[in-house]
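Below is structure.cif, holding mmCIF, C-alpha atoms and all ligand atoms.
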data_entry
loop_
_atom_site.label_atom_id
_atom_site.label_comp_id
_atom_site.auth_asym_id
_atom_site.auth_seq_id
_atom_site.Cartn_x
_atom_site.Cartn_y
_atom_site.Cartn_z
CA MET A 1 -15.60 19.10 14.92
CA PRO A 2 -13.17 16.24 14.08
CA PHE A 3 -9.48 17.13 14.57
CA TYR A 4 -8.68 16.94 10.86
CA ASP A 5 -11.47 19.21 9.61
CA ARG A 6 -9.25 22.28 9.53
CA ASP A 7 -6.33 20.83 7.53
CA VAL A 8 -7.55 17.96 5.34
CA ASP A 9 -9.92 17.76 2.38
CA VAL A 10 -11.56 14.40 1.58
CA MET A 11 -10.40 12.83 -1.69
CA ILE A 12 -11.79 9.28 -1.37
CA ASP A 13 -14.36 8.72 1.36
CA SER A 14 -14.78 5.58 3.44
CA PRO A 15 -17.77 4.05 1.57
CA LYS A 16 -15.92 4.48 -1.73
CA LEU A 17 -12.77 2.85 -0.26
CA GLN A 18 -14.73 -0.07 1.15
CA ALA A 19 -16.70 -0.63 -2.08
CA ARG A 20 -13.50 -0.81 -4.12
CA ILE A 21 -11.81 -3.07 -1.55
CA ALA A 22 -14.79 -5.46 -1.76
CA GLU A 23 -14.28 -5.64 -5.55
CA LEU A 24 -10.54 -6.26 -5.19
CA GLY A 25 -11.19 -8.92 -2.55
CA ALA A 26 -13.64 -10.73 -4.85
CA GLN A 27 -11.16 -10.59 -7.74
CA ILE A 28 -8.29 -11.92 -5.57
CA THR A 29 -10.59 -14.67 -4.22
CA ARG A 30 -11.29 -15.81 -7.79
CA ASP A 31 -7.64 -15.61 -8.89
CA TYR A 32 -6.20 -17.58 -5.97
CA GLN A 33 -8.72 -20.45 -5.84
CA GLY A 34 -6.92 -23.62 -4.76
CA LYS A 35 -3.73 -21.73 -3.91
CA ASP A 36 -2.17 -20.96 -0.58
CA LEU A 37 -2.03 -17.14 -0.49
CA THR A 38 0.44 -15.16 1.63
CA ILE A 39 -0.27 -11.43 1.93
CA VAL A 40 2.81 -9.34 2.66
CA GLY A 41 1.69 -5.94 3.95
CA ILE A 42 4.20 -3.11 3.79
CA MET A 43 4.35 -1.10 7.01
CA LYS A 44 3.21 1.17 8.16
CA GLY A 45 1.18 2.68 5.35
CA SER A 46 -0.69 -0.43 4.21
CA ILE A 47 -1.92 -1.73 7.56
CA PHE A 48 -5.51 -0.44 7.32
CA PHE A 49 -5.79 -1.47 3.67
CA MET A 50 -4.24 -4.88 4.35
CA THR A 51 -6.65 -5.75 7.16
CA ASP A 52 -9.76 -4.58 5.26
CA LEU A 53 -8.61 -6.34 2.07
CA ALA A 54 -7.83 -9.58 3.91
CA LYS A 55 -11.37 -9.57 5.36
CA ALA A 56 -12.77 -9.16 1.83
CA ILE A 57 -10.91 -12.25 0.58
CA ASP A 58 -12.84 -15.50 0.96
CA LEU A 59 -9.77 -17.75 1.31
CA PRO A 60 -7.66 -18.88 4.28
CA VAL A 61 -4.85 -16.31 3.79
CA THR A 62 -1.63 -15.99 5.76
CA LEU A 63 -0.71 -12.44 6.84
CA GLU A 64 2.90 -11.27 7.04
CA LEU A 65 4.40 -7.81 7.49
CA MET A 66 7.49 -6.14 6.15
CA GLY A 67 8.74 -2.66 6.97
CA VAL A 68 10.74 -0.53 4.55
CA SER A 69 11.91 3.04 4.61
CA SER A 70 13.26 5.08 1.75
CA TYR A 71 15.85 7.77 2.06
CA HIS A 72 14.64 11.17 1.01
CA GLY A 73 16.85 13.82 -0.50
CA GLY A 74 14.55 16.81 0.12
CA THR A 75 11.02 15.82 -0.82
CA GLU A 76 12.07 13.34 -3.53
CA THR A 77 12.91 9.76 -2.71
CA THR A 78 16.47 8.84 -3.65
CA GLY A 79 15.41 5.30 -4.49
CA GLU A 80 17.56 3.88 -1.71
CA VAL A 81 15.35 1.56 0.27
CA ARG A 82 16.19 -0.09 3.58
CA ILE A 83 14.40 -2.98 5.31
CA SER A 84 13.42 -1.81 8.79
CA PHE A 85 11.39 -4.92 9.67
CA ASP A 86 11.98 -8.15 7.82
CA LEU A 87 9.64 -11.08 7.25
CA THR A 88 9.90 -13.66 9.98
CA LYS A 89 9.01 -16.66 7.77
CA PRO A 90 10.70 -18.17 4.71
CA MET A 91 8.89 -17.31 1.46
CA HIS A 92 10.20 -20.27 -0.52
CA GLY A 93 7.38 -21.78 -2.61
CA LYS A 94 4.76 -19.26 -1.40
CA HIS A 95 2.24 -17.36 -3.52
CA ILE A 96 2.93 -13.81 -2.36
CA LEU A 97 0.64 -10.81 -2.77
CA VAL A 98 2.51 -7.63 -1.82
CA VAL A 99 0.04 -5.08 -0.42
CA GLU A 100 1.13 -1.45 -0.55
CA ASP A 101 -0.58 1.86 0.25
CA ILE A 102 0.66 3.87 -2.72
CA ILE A 103 2.99 3.50 -5.69
CA ASP A 104 4.51 6.86 -6.42
CA THR A 105 7.93 6.74 -8.14
CA GLY A 106 7.75 2.92 -8.05
CA LEU A 107 11.25 2.65 -6.59
CA THR A 108 10.11 1.08 -3.31
CA MET A 109 8.09 -1.58 -5.12
CA GLN A 110 10.95 -2.27 -7.52
CA PHE A 111 13.20 -2.92 -4.53
CA LEU A 112 10.57 -5.13 -2.86
CA LEU A 113 10.03 -7.22 -6.00
CA GLU A 114 13.76 -7.84 -6.36
CA ASN A 115 14.12 -8.62 -2.67
CA LEU A 116 11.13 -10.98 -2.49
CA GLY A 117 12.00 -12.61 -5.81
CA ALA A 118 15.37 -13.63 -4.38
CA ARG A 119 13.57 -15.68 -1.70
CA HIS A 120 12.28 -18.09 -4.40
CA PRO A 121 8.51 -17.76 -3.93
CA ALA A 122 6.13 -19.65 -6.24
CA SER A 123 4.73 -16.30 -7.47
CA VAL A 124 4.69 -12.60 -6.57
CA LYS A 125 1.87 -10.20 -7.44
CA VAL A 126 1.33 -6.58 -6.48
CA CYS A 127 -1.75 -4.94 -4.98
CA THR A 128 -1.74 -1.21 -4.28
CA LEU A 129 -4.56 0.95 -2.98
CA LEU A 130 -3.33 4.03 -4.85
CA GLU A 131 -1.18 4.79 -7.85
CA LYS A 132 0.24 8.21 -8.74
CA PRO A 133 1.37 7.65 -12.35
CA ALA A 134 2.51 11.27 -12.84
CA ARG A 135 5.62 10.65 -10.73
CA ALA A 136 6.57 7.15 -11.91
CA LYS A 137 10.31 6.69 -12.40
CA THR A 138 10.21 2.99 -13.11
CA LYS A 139 7.52 0.72 -14.48
CA VAL A 140 6.37 -1.81 -11.91
CA PRO A 141 3.74 -4.41 -12.74
CA ILE A 142 0.55 -3.72 -10.76
CA ASP A 143 -1.86 -6.66 -10.66
CA TYR A 144 -4.54 -5.11 -8.45
CA LYS A 145 -5.12 -1.38 -8.09
CA GLY A 146 -7.65 0.52 -6.00
CA PHE A 147 -7.52 4.04 -7.43
CA VAL A 148 -5.38 6.10 -9.77
CA ILE A 149 -4.90 9.56 -8.27
CA GLU A 150 -3.47 12.87 -9.42
CA ASP A 151 -0.13 14.17 -8.20
CA LYS A 152 -1.15 15.37 -4.73
CA PHE A 153 0.27 14.46 -1.33
CA VAL A 154 -2.35 12.30 0.32
CA VAL A 155 -2.88 11.27 3.94
CA GLY A 156 -5.18 9.01 5.89
CA TYR A 157 -6.23 5.36 5.89
CA GLY A 158 -2.63 4.43 6.80
CA LEU A 159 -0.80 7.20 4.96
CA ASP A 160 0.99 9.74 7.13
CA TYR A 161 2.21 13.29 7.25
CA GLY A 162 5.09 13.34 9.74
CA GLU A 163 3.74 10.09 11.29
CA LYS A 164 0.35 11.72 11.94
CA TYR A 165 -3.03 11.45 10.16
CA ARG A 166 -2.72 7.68 9.51
CA ASN A 167 -5.91 7.10 11.49
CA LEU A 168 -8.20 9.15 9.25
CA PRO A 169 -10.93 6.80 7.94
CA PHE A 170 -10.61 8.25 4.41
CA ILE A 171 -7.96 9.35 1.91
CA GLY A 172 -7.49 13.09 2.12
CA VAL A 173 -5.31 15.89 0.82
CA MET A 174 -3.47 18.29 3.09
CA ARG A 175 -4.89 21.76 2.63
CA THR A 176 -2.25 24.29 1.78
CA GLU A 177 -3.55 27.58 3.18
P1 LIG B 1 7.74 5.28 -4.12
O1 LIG B 1 8.97 4.48 -3.80
O2 LIG B 1 6.77 4.58 -5.05
O3 LIG B 1 8.10 6.66 -4.62
O4 LIG B 1 7.03 5.61 -2.78
C1 LIG B 1 6.36 4.74 -2.03
C2 LIG B 1 6.19 5.25 -0.61
O5 LIG B 1 6.31 6.68 -0.50
C3 LIG B 1 4.83 4.90 -0.13
O6 LIG B 1 4.80 3.60 0.43
C4 LIG B 1 4.56 6.00 0.90
O7 LIG B 1 5.10 5.63 2.13
C5 LIG B 1 5.33 7.20 0.38
N1 LIG B 1 4.44 8.12 -0.37
C6 LIG B 1 4.42 8.34 -1.70
N2 LIG B 1 3.46 9.23 -2.04
C7 LIG B 1 2.85 9.58 -0.88
C8 LIG B 1 1.75 10.47 -0.57
O8 LIG B 1 1.12 11.14 -1.39
N3 LIG B 1 1.41 10.56 0.76
C9 LIG B 1 2.06 9.86 1.72
N4 LIG B 1 1.63 10.02 2.97
N5 LIG B 1 3.09 9.02 1.46
C10 LIG B 1 3.48 8.87 0.17
#

Could I get this file's structure written as structure tokens?
Amino acid sequence: MPFYDRDVDVMIDSPKLQARIAELGAQITRDYQGKDLTIVGIMKGSIFFMTDLAKAIDLPVTLELMGVSSYHGGTETTGEVRISFDLTKPMHGKHILVVEDIIDTGLTMQFLLENLGARHPASVKVCTLLEKPARAKTKVPIDYKGFVIEDKFVVGYGLDYGEKYRNLPFIGVMRTE
């Protein structure tokens, strides 16, 4: 029995994830024809999504990583975001696609868009695997979206619970007794 069987229910299985990622990859391939695309993956949550998405894009993309952490007052994010790992290359004149695991309140993405915008890129677009609109506190423009989900705490495929469960090959929900 796999280690997660006791505590996690499947929400989006692997074939469904991969089918949607193939569609997003095809759409991004069409939209960035003739452009030099830089994918900025947000650590750690987006790493699995970023690598699968990049493989589904039929263009010579550049991959960069950025790490951010938000301060939490209890279970709610306070909206204060800190860069824990910064980009190592200048973004001036680049076509950036920010790749995120989930947009929940939207505060992290709002911070990222302001921060990246200040580096004078040619363009910035947003791609998120999941969106939880029920908890949105700010409206962020989402250009590419995998799935809209209900207000449940999800794990797997990069998303963690206390730094664990990121390596599940699907998106799941923690079972509460
Ligand atoms: P936001 O700033 O949009 O509220 O939150 C974004 C970040 O919060 C995500 O990148 C992710 O790290 C974390 N987060 C939000 N919702 C969930 C969830 O349901 N599960 C997990 N594991 N992390 C979440």

Next on the checklist: For a quick check of your reading of the model, name the residues lying within 7 Å of the coordinate (5.4, -13.3, -0.4), counting all atoms listed in the file, and write them as a count of residues only.
Outcome noted: 12

Checklist entry - Leaving out Leu112 of chain A and any residue of its chain fewer than 4 positions from it, which residues lie within 12 Å of it when counting all atoms listed in the file, given as a VMD selection string? => result chain A and resid 40 to 42 66 to 70 79 to 83 86 to 87 96 to 100 103 106 to 108 116 to 119 124 to 126 140

Next on the checklist: Just want the residues within 7 Å of ligand LIG 1 (chain B), written as an MDAnalysis selection string, counting all atoms listed in the file.
Outcome noted: chainID A and resid 45 77 79 100:109 152:155 159:161

Counting all atoms listed in the file, which residues of segment 131-166 of chain A sit at most 10 Å from some atom of segment 16-20 of chain A, and what is each one's closest atom pair with its distance in Å to one decimal, listed by chain and rising residue number, as JSON lines?
{"residue": "A:Lys145", "atom": "CA", "partner": "A:Arg20", "partner_atom": "CA", "distance": 9.3}
{"residue": "A:Gly146", "atom": "CA", "partner": "A:Arg20", "partner_atom": "CA", "distance": 6.3}
{"residue": "A:Phe147", "atom": "CA", "partner": "A:Arg20", "partner_atom": "CA", "distance": 8.4}
{"residue": "A:Tyr157", "atom": "CA", "partner": "A:Leu17", "partner_atom": "CA", "distance": 9.3}

Next on the checklist: Calculated over only C-alpha atoms, which of the candidates A:Lys139, A:Lys44, A:Lys132, A:Arg6 has the smallest distance to Gly158 of chain A?
Outcome noted: A:Lys44
